[in-house]
Structures are given as structure tokens and as C-alpha cells.
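Participant: Please find model31.txt (compact mmCIF, C-alpha atoms) on the next line:
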```
# COMPACT_ATOMS: atom_id res chain seq x y z
CA MET A 1 46.02 99.93 89.50
CA ILE A 2 48.71 100.43 92.19
CA PRO A 3 49.14 104.07 93.25
CA VAL A 4 52.44 105.69 92.22
CA ARG A 5 53.72 106.13 95.79
CA TYR A 6 53.19 102.42 96.55
CA ARG A 7 55.01 101.50 93.36
CA VAL A 8 57.98 103.69 94.37
CA CYS A 9 58.02 102.12 97.85
CA LEU A 10 57.90 98.64 96.33
CA MET A 11 60.79 99.42 93.99
CA LEU A 12 62.90 100.85 96.82
CA THR A 13 62.21 97.76 98.96
CA ILE A 14 63.25 95.43 96.11
CA LEU A 15 66.38 97.53 95.50
CA ALA A 16 67.35 97.45 99.18
CA ALA A 17 66.75 93.68 99.40
CA SER A 18 68.83 93.01 96.29
CA CYS A 19 71.74 95.09 97.63
CA VAL A 20 71.82 93.14 100.90
CA SER A 21 71.75 89.75 99.23
CA CYS A 22 74.04 90.45 96.26
CA THR A 23 77.29 88.55 95.86
CA THR A 24 80.25 89.88 93.93
CA ASN A 25 82.15 87.01 92.35
CA VAL A 26 85.70 88.01 91.54
CA MET A 27 87.59 85.96 89.00
CA VAL A 28 91.35 86.43 88.93
CA ALA A 29 93.02 86.09 85.55
CA GLY A 30 96.18 87.32 83.92
CA SER A 31 99.32 86.43 82.05
CA LEU A 32 101.98 83.98 83.23
CA PRO A 33 105.28 85.79 82.71
CA THR A 34 108.54 83.86 82.69
CA PRO A 35 110.93 85.37 85.24
CA LEU A 36 114.27 86.59 83.90
CA VAL A 37 116.42 85.40 86.81
CA SER A 38 119.37 83.08 87.22
CA LYS A 39 118.17 79.57 87.96
CA ILE A 40 119.14 78.12 91.32
CA PRO A 41 121.23 75.02 90.49
CA ALA A 42 119.14 72.48 92.37
CA ARG A 43 116.72 69.62 91.71
CA VAL A 44 113.67 70.64 93.67
CA GLY A 45 110.24 69.19 94.25
CA VAL A 46 107.29 71.47 94.84
CA HIS A 47 104.26 70.47 96.83
CA PHE A 48 101.10 72.50 96.27
CA THR A 49 98.63 71.86 99.07
CA ASP A 50 94.95 71.42 98.23
CA GLU A 51 94.25 74.70 100.05
CA PHE A 52 96.79 76.49 97.84
CA LYS A 53 95.34 74.96 94.69
CA THR A 54 91.77 75.96 95.43
CA PHE A 55 92.19 79.09 97.52
CA THR A 56 89.00 81.11 97.69
CA TYR A 57 88.36 84.06 99.97
CA LYS A 58 84.89 85.05 101.13
CA GLU A 59 83.90 88.10 103.12
CA VAL A 60 80.51 89.57 103.96
CA MET A 61 80.31 93.35 104.15
CA ARG A 62 77.28 95.17 105.44
CA GLU A 63 77.49 97.91 102.81
CA SER A 64 78.35 95.93 99.71
CA GLY A 65 77.16 92.36 100.32
CA THR A 66 79.22 89.21 99.92
CA TRP A 67 82.56 89.16 98.13
CA LYS A 68 83.93 85.89 96.82
CA ILE A 69 87.42 85.96 95.36
CA ASP A 70 88.55 82.83 93.57
CA LEU A 71 92.30 83.08 93.05
CA GLY A 72 93.28 79.40 93.40
CA GLN A 73 93.72 78.39 89.76
CA GLN A 74 95.47 81.58 88.59
CA ASN A 75 97.73 81.56 91.64
CA LEU A 76 98.59 77.89 91.04
CA ASP A 77 99.35 78.44 87.35
CA PHE A 78 101.44 81.49 88.19
CA PHE A 79 103.53 79.66 90.81
CA ARG A 80 103.97 76.59 88.60
CA ASN A 81 105.44 78.79 85.88
CA LEU A 82 107.43 80.95 88.33
CA LEU A 83 109.10 78.11 90.24
CA ASP A 84 109.70 76.10 87.08
CA ASN A 85 111.91 78.95 85.86
CA MET A 86 113.67 79.52 89.19
CA PHE A 87 115.30 76.13 89.63
CA SER A 88 117.38 74.05 87.21
CA HIS A 89 114.94 71.17 87.73
CA LEU A 90 111.47 71.28 89.25
CA GLU A 91 108.85 68.61 89.61
CA GLU A 92 105.57 68.47 91.49
CA VAL A 93 105.52 66.01 94.37
CA ASP A 94 102.93 64.66 96.78
CA GLU A 95 103.08 65.70 100.39
CA PRO A 96 106.67 64.98 101.43
CA ASN A 97 107.00 62.39 104.16
CA PHE A 98 110.44 63.10 105.48
CA GLY A 99 110.15 60.57 108.26
CA SER A 100 109.11 57.66 106.05
CA PRO A 101 111.19 54.50 106.11
CA GLU A 102 111.75 55.01 102.41
CA ALA A 103 113.81 58.07 103.15
CA GLY A 104 117.44 57.59 104.00
CA HIS A 105 120.68 56.90 102.19
CA ASP A 106 121.25 54.88 99.07
CA LYS A 107 124.23 52.60 98.49
CA ALA A 108 126.32 55.50 97.26
CA GLY A 109 125.62 57.35 100.50
CA GLN A 110 123.33 59.90 98.87
CA HIS A 111 120.34 61.19 100.78
CA TYR A 112 116.96 60.64 99.24
CA PHE A 113 113.41 61.51 100.12
CA GLY A 114 111.55 58.26 99.88
CA ARG A 115 108.95 59.02 97.24
CA ASN A 116 110.76 62.27 96.41
CA GLY A 117 114.06 60.49 95.83
CA GLY A 118 116.77 62.18 93.85
CA LEU A 119 115.70 65.68 94.80
CA ASP A 120 117.90 68.23 96.55
CA GLY A 121 114.99 69.76 98.38
CA VAL A 122 111.28 70.38 98.52
CA ILE A 123 109.52 73.73 98.43
CA ILE A 124 106.03 74.28 99.81
CA PRO A 125 104.28 77.59 99.11
CA LYS A 126 101.26 78.51 101.21
CA ILE A 127 98.80 81.38 101.33
CA VAL A 128 98.67 82.56 104.92
CA LYS A 129 96.36 85.52 104.53
CA TYR A 130 94.41 87.39 101.89
CA GLY A 131 92.82 90.79 102.36
CA PHE A 132 91.33 93.55 100.28
CA LEU A 133 90.05 97.11 100.57
CA THR A 134 87.34 98.79 98.54
CA PRO A 135 87.25 102.56 97.88
CA SER A 136 84.34 102.91 100.32
CA ILE A 137 86.48 101.46 103.12
CA SER A 138 89.83 103.07 102.33
CA GLY A 139 88.49 106.41 101.10
CA LEU A 140 90.90 106.18 98.16
CA ASN A 141 90.07 105.85 94.49
CA PHE A 142 91.24 102.29 94.05
CA TYR A 143 90.71 98.70 95.10
CA SER A 144 93.68 97.08 96.78
CA ALA A 145 94.55 93.50 97.64
CA SER A 146 97.31 91.85 99.64
CA ILE A 147 98.40 88.23 99.84
CA GLN A 148 100.73 86.92 102.53
CA TYR A 149 102.67 83.92 101.29
CA GLN A 150 104.74 81.52 103.35
CA ILE A 151 107.51 79.78 101.44
CA LEU A 152 108.99 76.74 103.14
CA LEU A 153 112.14 75.16 101.73
CA TYR A 154 113.35 71.80 103.03
CA ASP A 155 116.67 70.16 102.29
CA GLN A 156 117.19 66.49 101.42
CA SER A 157 116.95 65.32 105.01
CA GLY A 158 113.73 67.23 105.64
CA GLU A 159 115.29 70.03 107.63
CA VAL A 160 113.90 73.50 107.07
CA ILE A 161 116.39 75.61 105.14
CA GLY A 162 114.19 78.66 104.90
CA ASP A 163 110.83 79.88 106.08
CA TRP A 164 109.96 83.17 104.42
CA ASN A 165 106.89 85.34 104.71
CA ILE A 166 106.33 87.52 101.68
CA VAL A 167 103.49 89.95 101.19
CA GLY A 168 102.36 90.76 97.68
CA TYR A 169 100.39 93.94 97.15
CA GLY A 170 98.36 95.24 94.26
CA LYS A 171 95.94 98.04 93.53
CA SER A 172 93.68 98.96 90.67
CA GLU A 173 91.66 102.05 89.83
CA GLY A 174 87.99 101.63 90.54
CA GLY A 175 86.92 104.11 87.89
CA SER A 176 87.78 102.25 84.73
CA PHE A 177 86.53 98.81 85.78
CA GLY A 178 83.56 97.28 87.52
CA ALA A 179 84.12 96.39 91.18
CA ASP A 180 84.76 92.71 90.40
CA ASP A 181 87.17 93.46 87.55
CA ALA A 182 89.05 96.07 89.59
CA LEU A 183 89.50 93.72 92.55
CA GLY A 184 90.46 90.88 90.22
CA GLU A 185 93.11 93.13 88.67
CA ALA A 186 94.38 94.22 92.12
CA THR A 187 94.61 90.58 93.22
CA MET A 188 96.50 89.63 90.06
CA LEU A 189 98.96 92.46 90.71
CA ALA A 190 99.38 91.19 94.28
CA ILE A 191 100.25 87.72 92.94
CA ARG A 192 102.76 89.27 90.52
CA ASP A 193 104.27 91.42 93.28
CA GLY A 194 104.68 88.43 95.62
CA GLY A 195 106.11 86.36 92.76
CA ALA A 196 108.56 89.12 91.84
CA ARG A 197 109.94 89.24 95.36
CA ILE A 198 110.25 85.46 95.53
CA ALA A 199 112.01 85.32 92.14
CA ILE A 200 114.49 88.07 93.01
CA GLU A 201 115.12 87.47 96.71
CA MET A 202 115.14 83.71 97.14
CA SER A 203 118.51 83.12 95.47
CA GLN A 204 120.01 85.93 97.58
CA GLN A 205 119.03 84.39 100.92
CA PRO A 206 122.11 83.33 102.94
CA GLN A 207 120.48 79.97 103.75
CA VAL A 208 119.91 79.22 100.07
CA ILE A 209 123.45 80.28 99.15
CA ALA A 210 124.82 77.97 101.88
CA TRP A 211 122.53 75.13 100.72
CA VAL A 212 123.72 75.46 97.11
CA ASP A 213 127.36 75.65 98.23
CA LYS A 214 126.88 72.51 100.30
CA MET A 215 125.46 70.66 97.29
CA LYS A 216 128.36 71.82 95.12
CA GLN A 217 130.82 70.60 97.74
CA ALA A 218 129.05 67.24 97.94
CA GLU A 219 129.24 66.91 94.15
CA GLY A 220 132.96 67.77 94.29
CA ASP A 221 133.55 65.06 96.88
CA MET B 1 73.78 133.94 61.15
CA THR B 2 71.66 136.27 63.27
CA GLU B 3 73.02 137.98 66.37
CA GLY B 4 70.73 135.84 68.55
CA LYS B 5 72.08 132.60 67.08
CA ILE B 6 75.69 133.71 67.58
CA VAL B 7 74.98 134.49 71.25
CA SER B 8 73.27 131.09 71.66
CA VAL B 9 76.19 129.16 70.11
CA PHE B 10 78.68 131.10 72.26
CA SER B 11 76.62 130.36 75.39
CA ILE B 12 76.48 126.63 74.59
CA CYS B 13 80.26 126.56 74.07
CA LEU B 14 80.75 128.21 77.45
CA LEU B 15 78.42 125.70 79.09
CA VAL B 16 80.10 122.54 77.83
CA SER B 17 83.73 123.43 78.50
CA GLY B 18 85.47 125.30 81.27
CA CYS B 19 88.77 127.15 81.01
CA VAL B 20 92.06 125.31 81.40
CA SER B 21 95.50 126.87 81.62
CA SER B 22 98.50 124.66 80.97
CA ARG B 23 102.29 124.89 80.93
CA ILE B 24 104.82 122.50 79.37
CA GLU B 25 108.52 122.52 80.22
CA GLU B 26 111.34 120.47 78.77
CA SER B 27 114.81 119.64 79.97
CA ARG B 28 117.13 117.81 77.58
CA GLU B 29 120.23 115.89 78.65
CA ALA B 30 121.10 114.09 75.41
CA LEU B 31 120.39 114.07 71.68
CA THR B 32 117.57 111.76 70.66
CA GLY B 33 116.10 110.18 67.53
CA LEU B 34 114.47 107.00 66.33
CA VAL B 35 116.12 104.98 63.58
CA GLY B 36 114.35 102.34 61.49
CA ASP B 37 112.07 100.10 63.52
CA GLU B 38 113.13 101.39 66.92
CA ALA B 39 110.30 101.57 69.42
CA MET B 40 109.36 103.32 72.63
CA VAL B 41 107.49 102.18 75.71
CA ILE B 42 105.31 104.34 77.96
CA LEU B 43 105.12 103.21 81.59
CA GLY B 44 102.96 104.68 84.33
CA ARG B 45 104.87 105.05 87.57
CA ALA B 46 103.06 103.13 90.30
CA SER B 47 103.81 103.43 93.97
CA TYR B 48 102.14 102.27 97.12
CA ASN B 49 101.11 105.65 98.43
CA ASP B 50 97.73 107.33 97.92
CA HIS B 51 98.50 108.58 94.43
CA GLU B 52 99.65 106.92 91.25
CA THR B 53 99.59 107.74 87.57
CA GLU B 54 96.13 106.94 86.23
CA GLU B 55 96.00 104.21 83.60
CA SER B 56 93.70 106.44 81.55
CA PHE B 57 96.44 109.10 81.39
CA THR B 58 99.10 106.77 79.98
CA GLU B 59 96.51 105.33 77.57
CA CYS B 60 95.76 108.88 76.39
CA ILE B 61 99.47 109.52 75.72
CA VAL B 62 99.82 106.20 73.88
CA ASP B 63 96.78 107.01 71.71
CA ILE B 64 98.26 110.34 70.64
CA LEU B 65 101.81 109.07 70.03
CA ALA B 66 100.70 106.05 68.01
CA LYS B 67 98.60 108.16 65.65
CA GLY B 68 99.08 111.36 63.67
CA ASP B 69 101.48 112.20 60.86
CA ARG B 70 104.58 111.16 62.82
CA PRO B 71 103.47 107.97 64.62
CA ILE B 72 105.89 106.25 66.98
CA ARG B 73 106.06 102.46 67.27
CA LEU B 74 105.02 101.72 70.84
CA ILE B 75 105.39 98.49 72.79
CA PRO B 76 102.31 97.91 75.01
CA GLU B 77 103.05 98.37 78.71
CA SER B 78 101.73 94.93 79.71
CA GLU B 79 103.78 93.18 77.00
CA PHE B 80 106.94 95.02 78.06
CA LYS B 81 106.43 94.23 81.75
CA ASP B 82 105.69 90.57 81.05
CA SER B 83 108.75 90.16 78.86
CA LEU B 84 110.98 91.69 81.55
CA TYR B 85 109.28 90.20 84.62
CA PRO B 86 110.10 90.65 87.52
CA TRP B 87 112.16 93.79 86.85
CA PHE B 88 109.46 96.35 86.04
CA GLU B 89 106.90 95.62 88.78
CA PRO B 90 105.95 98.56 91.05
CA ARG B 91 108.36 97.55 93.81
CA THR B 92 111.22 96.31 91.63
CA ALA B 93 111.33 98.80 88.77
CA PRO B 94 114.44 101.01 88.53
CA THR B 95 113.84 104.43 90.03
CA SER B 96 116.60 106.23 88.15
CA ALA B 97 118.51 105.78 84.89
CA ASP B 98 121.66 105.11 86.94
CA GLU B 99 120.19 101.71 87.84
CA LEU B 100 119.87 100.65 84.19
CA SER B 101 123.37 99.22 83.87
CA ARG B 102 122.78 97.01 86.93
CA LEU B 103 119.42 95.90 85.50
CA PHE B 104 120.89 95.09 82.10
CA ALA B 105 123.42 92.82 83.76
CA GLN B 106 120.58 90.50 84.79
CA PRO B 107 120.28 87.36 82.65
CA GLY B 108 118.11 87.80 79.58
CA VAL B 109 117.28 91.50 80.06
CA GLN B 110 119.58 92.86 77.34
CA ASN B 111 118.41 90.13 74.98
CA GLN B 112 114.74 90.99 75.54
CA ILE B 113 115.35 94.69 74.94
CA ASP B 114 117.29 93.89 71.74
CA GLN B 115 114.52 91.58 70.50
CA SER B 116 111.77 94.15 70.99
CA ASN B 117 114.06 96.92 69.68
CA VAL B 118 112.97 99.36 72.39
CA ARG B 119 115.14 102.48 72.23
CA TYR B 120 113.38 104.79 74.68
CA LEU B 121 111.42 104.29 77.86
CA ALA B 122 109.26 107.10 79.21
CA TRP B 123 108.14 106.97 82.81
CA ILE B 124 104.99 109.00 83.38
CA ASP B 125 104.62 110.17 86.95
CA GLY B 126 101.90 112.41 88.36
CA ASP B 127 98.20 112.70 88.91
CA THR B 128 95.18 114.94 88.76
CA ILE B 129 93.84 116.12 92.10
CA ILE B 130 91.08 118.41 93.32
CA VAL B 131 92.72 121.40 95.00
CA ASP B 132 89.61 123.37 95.88
CA GLN B 133 85.87 122.85 95.85
CA GLY B 134 82.81 124.63 97.15
CA GLY B 135 79.26 125.76 96.55
CA SER B 136 76.19 123.73 97.23
CA MET B 137 73.52 122.03 95.27
CA SER B 138 70.50 120.04 96.33
CA CYS B 139 68.40 117.72 94.27
CA THR B 140 64.92 116.55 95.19
CA LEU B 141 62.83 113.78 93.76
CA SER B 142 59.19 113.25 94.56
CA THR B 143 56.17 111.68 92.95
CA PHE B 144 55.31 115.12 91.56
CA GLY B 145 58.68 115.53 89.86
CA GLY B 146 62.10 116.75 90.85
CA GLY B 147 64.95 119.07 90.13
CA CYS B 148 68.33 120.39 91.22
CA PHE B 149 69.03 123.89 92.50
CA GLY B 150 72.26 125.65 93.42
CA MET B 151 75.80 125.66 92.13
CA SER B 152 78.99 123.79 92.98
CA TYR B 153 82.51 124.04 91.65
CA TRP B 154 85.77 122.16 91.91
CA GLU B 155 89.25 123.16 90.83
CA GLN B 156 91.54 120.43 89.50
CA ASP B 157 95.28 120.49 89.12
CA ALA B 158 96.96 118.04 86.74
CA SER B 159 100.69 117.72 87.22
CA TYR B 160 102.71 115.12 85.30
CA GLU B 161 106.32 114.50 84.42
CA ALA B 162 107.80 112.24 81.77
CA SER B 163 111.32 110.97 82.37
CA ILE B 164 112.81 109.66 79.14
CA TRP B 165 115.53 107.03 79.36
CA ASP B 166 117.71 105.92 76.47
CA LEU B 167 117.97 102.13 76.66
CA GLN B 168 120.81 102.02 74.12
CA ASN B 169 123.10 104.37 76.02
CA LEU B 170 121.65 103.35 79.44
CA SER B 171 121.22 106.97 80.45
CA ALA B 172 118.60 109.65 81.02
CA ALA B 173 117.73 111.62 77.88
CA GLY B 174 115.62 114.29 79.55
CA GLN B 175 112.40 115.28 81.30
CA ILE B 176 109.19 116.94 80.21
CA SER B 177 106.70 118.31 82.70
CA ALA B 178 103.10 119.29 82.06
CA ASP B 179 100.93 121.27 84.46
CA ALA B 180 97.31 122.16 83.79
CA ASN B 181 94.73 123.78 85.99
CA GLY B 182 91.01 124.27 85.51
CA THR B 183 87.78 124.83 87.39
CA SER B 184 84.61 122.91 86.63
CA TYR B 185 81.11 124.02 87.58
CA LEU B 186 77.81 122.25 88.06
CA ALA B 187 74.85 124.59 87.92
CA GLY B 188 71.47 123.32 89.06
CA LEU B 189 68.71 125.03 87.10
CA VAL B 190 66.10 122.29 87.55
CA VAL B 191 68.30 120.21 85.26
CA PRO B 192 71.95 119.99 86.39
CA ILE B 193 74.17 121.68 83.78
CA PRO B 194 77.87 120.74 83.86
CA ILE B 195 80.57 123.15 82.72
CA LEU B 196 83.58 120.88 82.74
CA ALA B 197 87.24 121.80 82.58
CA ARG B 198 89.50 118.88 81.70
CA PRO B 199 93.01 119.70 82.90
CA GLY B 200 94.05 116.03 82.72
CA ASN B 201 93.17 115.93 79.04
CA ALA B 202 95.03 119.19 78.39
CA ALA B 203 98.11 117.89 80.23
CA CYS B 204 97.96 114.65 78.24
CA LYS B 205 97.82 116.41 74.87
CA GLY B 206 100.56 118.86 75.79
CA LEU B 207 102.85 116.17 77.21
CA ALA B 208 102.29 113.73 74.33
CA ASN B 209 103.00 116.31 71.63
CA GLN B 210 106.11 117.54 73.42
CA LEU B 211 107.25 113.95 73.96
CA ARG B 212 106.91 113.25 70.23
CA ASP B 213 108.96 116.35 69.39
CA PHE B 214 111.54 115.39 72.01
CA VAL B 215 112.03 111.86 70.71
CA VAL B 216 111.72 112.22 66.93
CA GLY B 217 112.60 115.91 66.63
CA ASP B 218 110.65 118.98 65.49
CA GLU B 219 109.37 119.06 61.93
```
Turn the structure described in the file into C-alpha cells.
Facilitator:
Amino acid sequence: MIPVRYRVCLMLTILAASCVSCTTNVMVAGSLPTPLVSKIPARVGVHFTDEFKTFTYKEVMRESGTWKIDLGQQNLDFFRNLLDNMFSHLEEVDEPNFGSPEAGHDKAGQHYFGRNGGLDGVIIPKIVKYGFLTPSISGLNFYSASIQYQILLYDQSGEVIGDWNIVGYGKSEGGSFGADDALGEATMLAIRDGGARIAIEMSQQPQVIAWVDKMKQAEGD
Amino acid sequence: MTEGKIVSVFSICLLVSGCVSSRIEESREALTGLVGDEAMVILGRASYNDHETEESFTECIVDILAKGDRPIRLIPESEFKDSLYPWFEPRTAPTSADELSRLFAQPGVQNQIDQSNVRYLAWIDGDTIIVDQGGSMSCTLSTFGGGCFGMSYWEQDASYEASIWDLQNLSAAGQISADANGTSYLAGLVVPIPILARPGNAACKGLANQLRDFVVGDE
């Protein structure tokens, strides 16, 4: 029979060991809302990099163990739906090779992109940075997450029309969810926030307005 | 019931609930009323500072408004925000009723509102904070047993405001504010005994009932 004090010590040791080695897996899930915005009148290709498609963030914290946030699939689905409703025509393309011999002018003098022929431009969204705060770090009652996106828009000839950095931010109360659910919710809100800014602001960018005007002029000619 | 039993019941009642004082104020700017299948949506105001309206508070208001003898048809917050994305996200939502006409000029917004038949939108803004706390209590645990001794208290202040917008007239219909204050105690007499005041709950009930009267009218 093990004495009571040894049993207590053993339990505390097991508890401490489990806290150090525990991993919090955060799954990000949510709805895919269709943005109510005017579509930009352009035929655009979108290239999602492998990193964007499978983005996972991992951080080891001394107090709370390892955090693994898998936002790739939800982020990809969200952006597919978002961009599809922002342009009059959108299709997914492989990595654009603007310098390929296939790119150039057709017989009618129209620019084309080689493999991405017939498109007015190509958009490439990237996740530059992801970060999160837990209540124990921030001292506040909620989990928060931020995602820095880079949105690159190329025209037909492969020149950069726009290079925007947009930060999406989200927070969720820690009280009503578990830690993983709360951070998943905060991350989803960060994706929505970033998406909202892209949906509203992209068509208002002077470069995009000039690009659309140029295409309209070319069509008129 | 004997005198002893009455004292015991009274003591238990005192132990499980603390005192809360609350005040509700209303300011009306337009006549209101719900006709037929018209609905309402309750939205919690979110901002990126330290405080935001707790989800549990808006859920409490929704629970009260959707039930009772005069239930109001409510559109769930998530459904409303999804159907009008990206216009009701924390950083894009209109901050005053004056911005409604500009919002309704956006493609598809008027159509979505017409489809869901939402007549009123109520923004709930506020939070419950601890304004004072003190006392001390210590708990010990050993192989021979344990217990808590001492007393601590905390005073909470719940302050919320509902801004009601009329989505048919694209104007503000009025505001209702609810303030509640209460002090909770935790007494350690070997076993910790909580005496909880719930000012957030009192503010929710007061605000929800006043909101119902405001929108559908007094009986």
C-alpha cells in the first residue's frame, strides 16, 4: 500500500508532466458568406500557393504547452468564395509564369499569359504572419488572433498593379468556450475581418480603378 | 412553519443571492410597432478595445424576447451578419443610424433586408466590470484535510445601452439604457460559501423587457 503523501506527490508529478507536454490543437471552422459588393469587371486568375492552402501555425509556450492552429483549409475555402464573388470572372491558375515564351500577344494584338491566357490579371493572396494572444498573456478576458495578408495583383503583362498588406483581427471570449474553441473562433473572425477589408477596399484602390479603366478603353478601341 | 424554520429559509435566501439595484431609462425618437411577420435582430457591439458586449448578454436578451406572451421574431445574429457580409463586421458596421442610407445603397443590401423582413435592429453596447474588490481568504489543503477561512467581496457594475434603428425608415427609433450594481461575497467557513449578486442578469432582464415594450408597445 502506497502512503497517502506519496500518492499525492505522484499525482502532482503526473499532472505537471502532462501540462508541459500537452498540445492544444485548434481547428478553424465557420461559414462562407457571400460578399455583397459590386463585382470588379475583370477576368482574373487566382493562384493559391501551397503554403496558403495548408497554412498551419505552431507555437510552444512555457505556461500552456504547444499550440497548433490549422487554418489552411478554412482560409482557402473562405478566399475561394470571397474572390469568386469579387470579380466578374475568376478561375484558379497554376503559378503564373509571366516570363514564359507562351506569354505575349496573339494575332489580334491582345496580351495573354501563356498558360493563363485570356485573363486580365492574376491575384496571389499570401499569409505573411499569424499571431495570437491568450488571456494569460494579454491579461484580458478573451483570446485574440491576427492574420497579416499580402494581396498581390498582376496585370496581363505580369506587372504588379497592387501590393496590399491587410491585417485581419478577431477576438473571442474565453469564458464560454474551451481554449481551442475560443482561439478557433478568434481566428475565424480574423479571417472574416481581413476578407471584409479586401472585399470593400480593393475596388476603391486607385491602381485598380486605373486598371479597370484601361481595360475598358482597350475594349472600346 | 416554526419560527426556527422561517429564520433558516431566510438565511439560505440571503446566502445564495446578493442585493442588486438597477435603473432603466428610455429615450424615444420615433413611433414603433411590428406588423405581420416583421422581425428584429439583436447585435452585440464589438470593438477592438479592452471591452466589448459579452455574447452571453446578447444571448440572454434574445432568450427573453423570443419567449413569453409577446414573443418577437428574431433573426439570429450570425445569420444576419452572414447575409449582409461584409457590412456588419466589427470594423465595417455602421456606427450611427445616419450611415444606414449609405449602407442600403450598396448592391444587394436592401434586397437582403427585404427578404428577411427585418424591421428593427438593436445594437447592444456595454459590459459588466468589477469596480471594487477586497477582503482576503486563504484555503489550505493537506493530507489531513483542508478548508477556507476569511471573506472576500467584489462589487460589479453592469452598464448597457440598446440603440434601436428602424430599417424601414433608415433612422434611429430610440435608446434604452440599463444600469445595475451589486456586491458579491465569498465567505470561507471551512467550506467557501458564495453570496452572489448578478447585476448582469438584472440588467439583461430589465433591458429585454423594456426593449419589448419599446418595440411592440405596452399591453
Participant: Compute the set of chain B residues within 8 Å of chain A, using only C-alpha atoms, and express it as a count of residues only.
Facilitator: 19
Participant: Which neighbours of Ile166 (chain A) fall inside 7 Å, counting only C-alpha atoms, when residues of the same chain fewer than 5 positions from it are skipped, and could you give them as a ChimeraX atom specification?
Facilitator: /A:148-150,194
Participant: Would you kindly return, as a list in words, each protein, DNA or RNA residue with an atom no farther than 10 Å from any atom of Phe57 (chain B), considering all atoms listed in the file and excluding same-chain residues fewer than 5 positions away?
Facilitator: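 My reading of the contact set: Gly44, Val62, Asp63, Ile124, Asp125, Gly126, Asp127, Thr128, Tyr160, Gly200, Asn201, Ala203, Cys204 and Lys205 of chain B.
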Participant: Could those residues be written to a file, using C-alpha atoms, as a PDB file, in the frame of the given file?
Facilitator:
```pdb
ATOM      1  CA  GLY B  44     102.960 104.680  84.330  1.00  0.00           C
ATOM      2  CA  VAL B  62      99.820 106.200  73.880  1.00  0.00           C
ATOM      3  CA  ASP B  63      96.780 107.010  71.710  1.00  0.00           C
ATOM      4  CA  ILE B 124     104.990 109.000  83.380  1.00  0.00           C
ATOM      5  CA  ASP B 125     104.620 110.170  86.950  1.00  0.00           C
ATOM      6  CA  GLY B 126     101.900 112.410  88.360  1.00  0.00           C
ATOM      7  CA  ASP B 127      98.200 112.700  88.910  1.00  0.00           C
ATOM      8  CA  THR B 128      95.180 114.940  88.760  1.00  0.00           C
ATOM      9  CA  TYR B 160     102.710 115.120  85.300  1.00  0.00           C
ATOM     10  CA  GLY B 200      94.050 116.030  82.720  1.00  0.00           C
ATOM     11  CA  ASN B 201      93.170 115.930  79.040  1.00  0.00           C
ATOM     12  CA  ALA B 203      98.110 117.890  80.230  1.00  0.00           C
ATOM     13  CA  CYS B 204      97.960 114.650  78.240  1.00  0.00           C
ATOM     14  CA  LYS B 205      97.820 116.410  74.870  1.00  0.00           C
TER      15      LYS B 205
END
```
Participant: To one decimal place in Å, what is the distance between CA of Lys126 (chain A) and CA of Ile191 (chain A)?
Facilitator: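 One can read the CA of Lys126 (chain A) to CA of Ile191 (chain A) distance as 12.4 Å.
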Participant: Quick one: everything within 8 Å of Thr54 (chain A), counting only C-alpha atoms, minus sequence neighbours fewer than 4 positions away in the same chain. Send it as a PyMOL selection string.
Facilitator: chain A and resi 50+70-73
Participant: Pick the closest to Asp84 (chain A) from A:Ala42, A:Ile127, A:Ala190, A:Gln205: which is it, counting all atoms listed in the file?
Facilitator: A:Ala42
Participant: Mind giving me the straight-line distance from CA of Gln210 (chain B) to CA of Glu59 (chain B) in Å, one decimal?
Facilitator: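 Those two atoms sit 16.1 Å apart.
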Participant: Between B:Gln168, B:Asn111, B:Ser136, B:Ser27, which residue has the minimum interatomic distance to Leu186 (chain B), considering all atoms listed in the file?
Facilitator: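 Using all atoms listed in the file, Leu186 (chain B) sits closest to B:Ser136.
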Participant: By how many Å are CA of Gly217 (chain B) and CA of Val41 (chain B) apart?
Facilitator: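 The value is 17.2 Å.
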Participant: From the list A:Phe52, A:Tyr130, A:Tyr143, A:Tyr154, which residue is nearest Gln74 (chain A) when using only C-alpha atoms?
Facilitator: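 Closest candidate: A:Phe52.
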Participant: Which residue, A:Trp67, A:Phe87, A:Phe55, A:Phe79, has the smallest gap to Thr134 (chain A) when you use all atoms listed in the file?
Facilitator: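 Checking each candidate against Thr134 (chain A), we get A:Trp67 as the closest.
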Participant: Between B:Leu65, B:Ile129, B:Ile24, B:Ile42, single out the one closest to Arg198 (chain B), counting only C-alpha atoms.
Facilitator: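 That would be B:Ile129, the residue with the smallest distance to Arg198 (chain B).
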Participant: Looking at all atoms listed in the file, which of B:Leu167, B:Leu31, B:Ala66, B:Met151 is the one that sits closest to Asp98 (chain B)?
Facilitator: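 Counting all atoms listed in the file, the residue closest to Asp98 (chain B) is B:Leu167.
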Participant: If we draw a sphere of 10 Å around (103.2, 73.6, 99.4), which residues have at least one atom in it when counting all atoms listed in the file? Please report them as a PyMOL selection string.
Facilitator: chain A and resi 45-53+92-96+122-127+150-153
Participant: With 8 Å added on each side, what axis-aligned box encloses every listed atom of region 45-48 of chain A? Give the centre and edge lengths in Å to one decimal, as AutoDock Vina command-line options.
Facilitator:
```
--center_x 105.7 --center_y 70.8 --center_z 95.5 --size_x 25.1 --size_y 19.3 --size_z 18.6
```
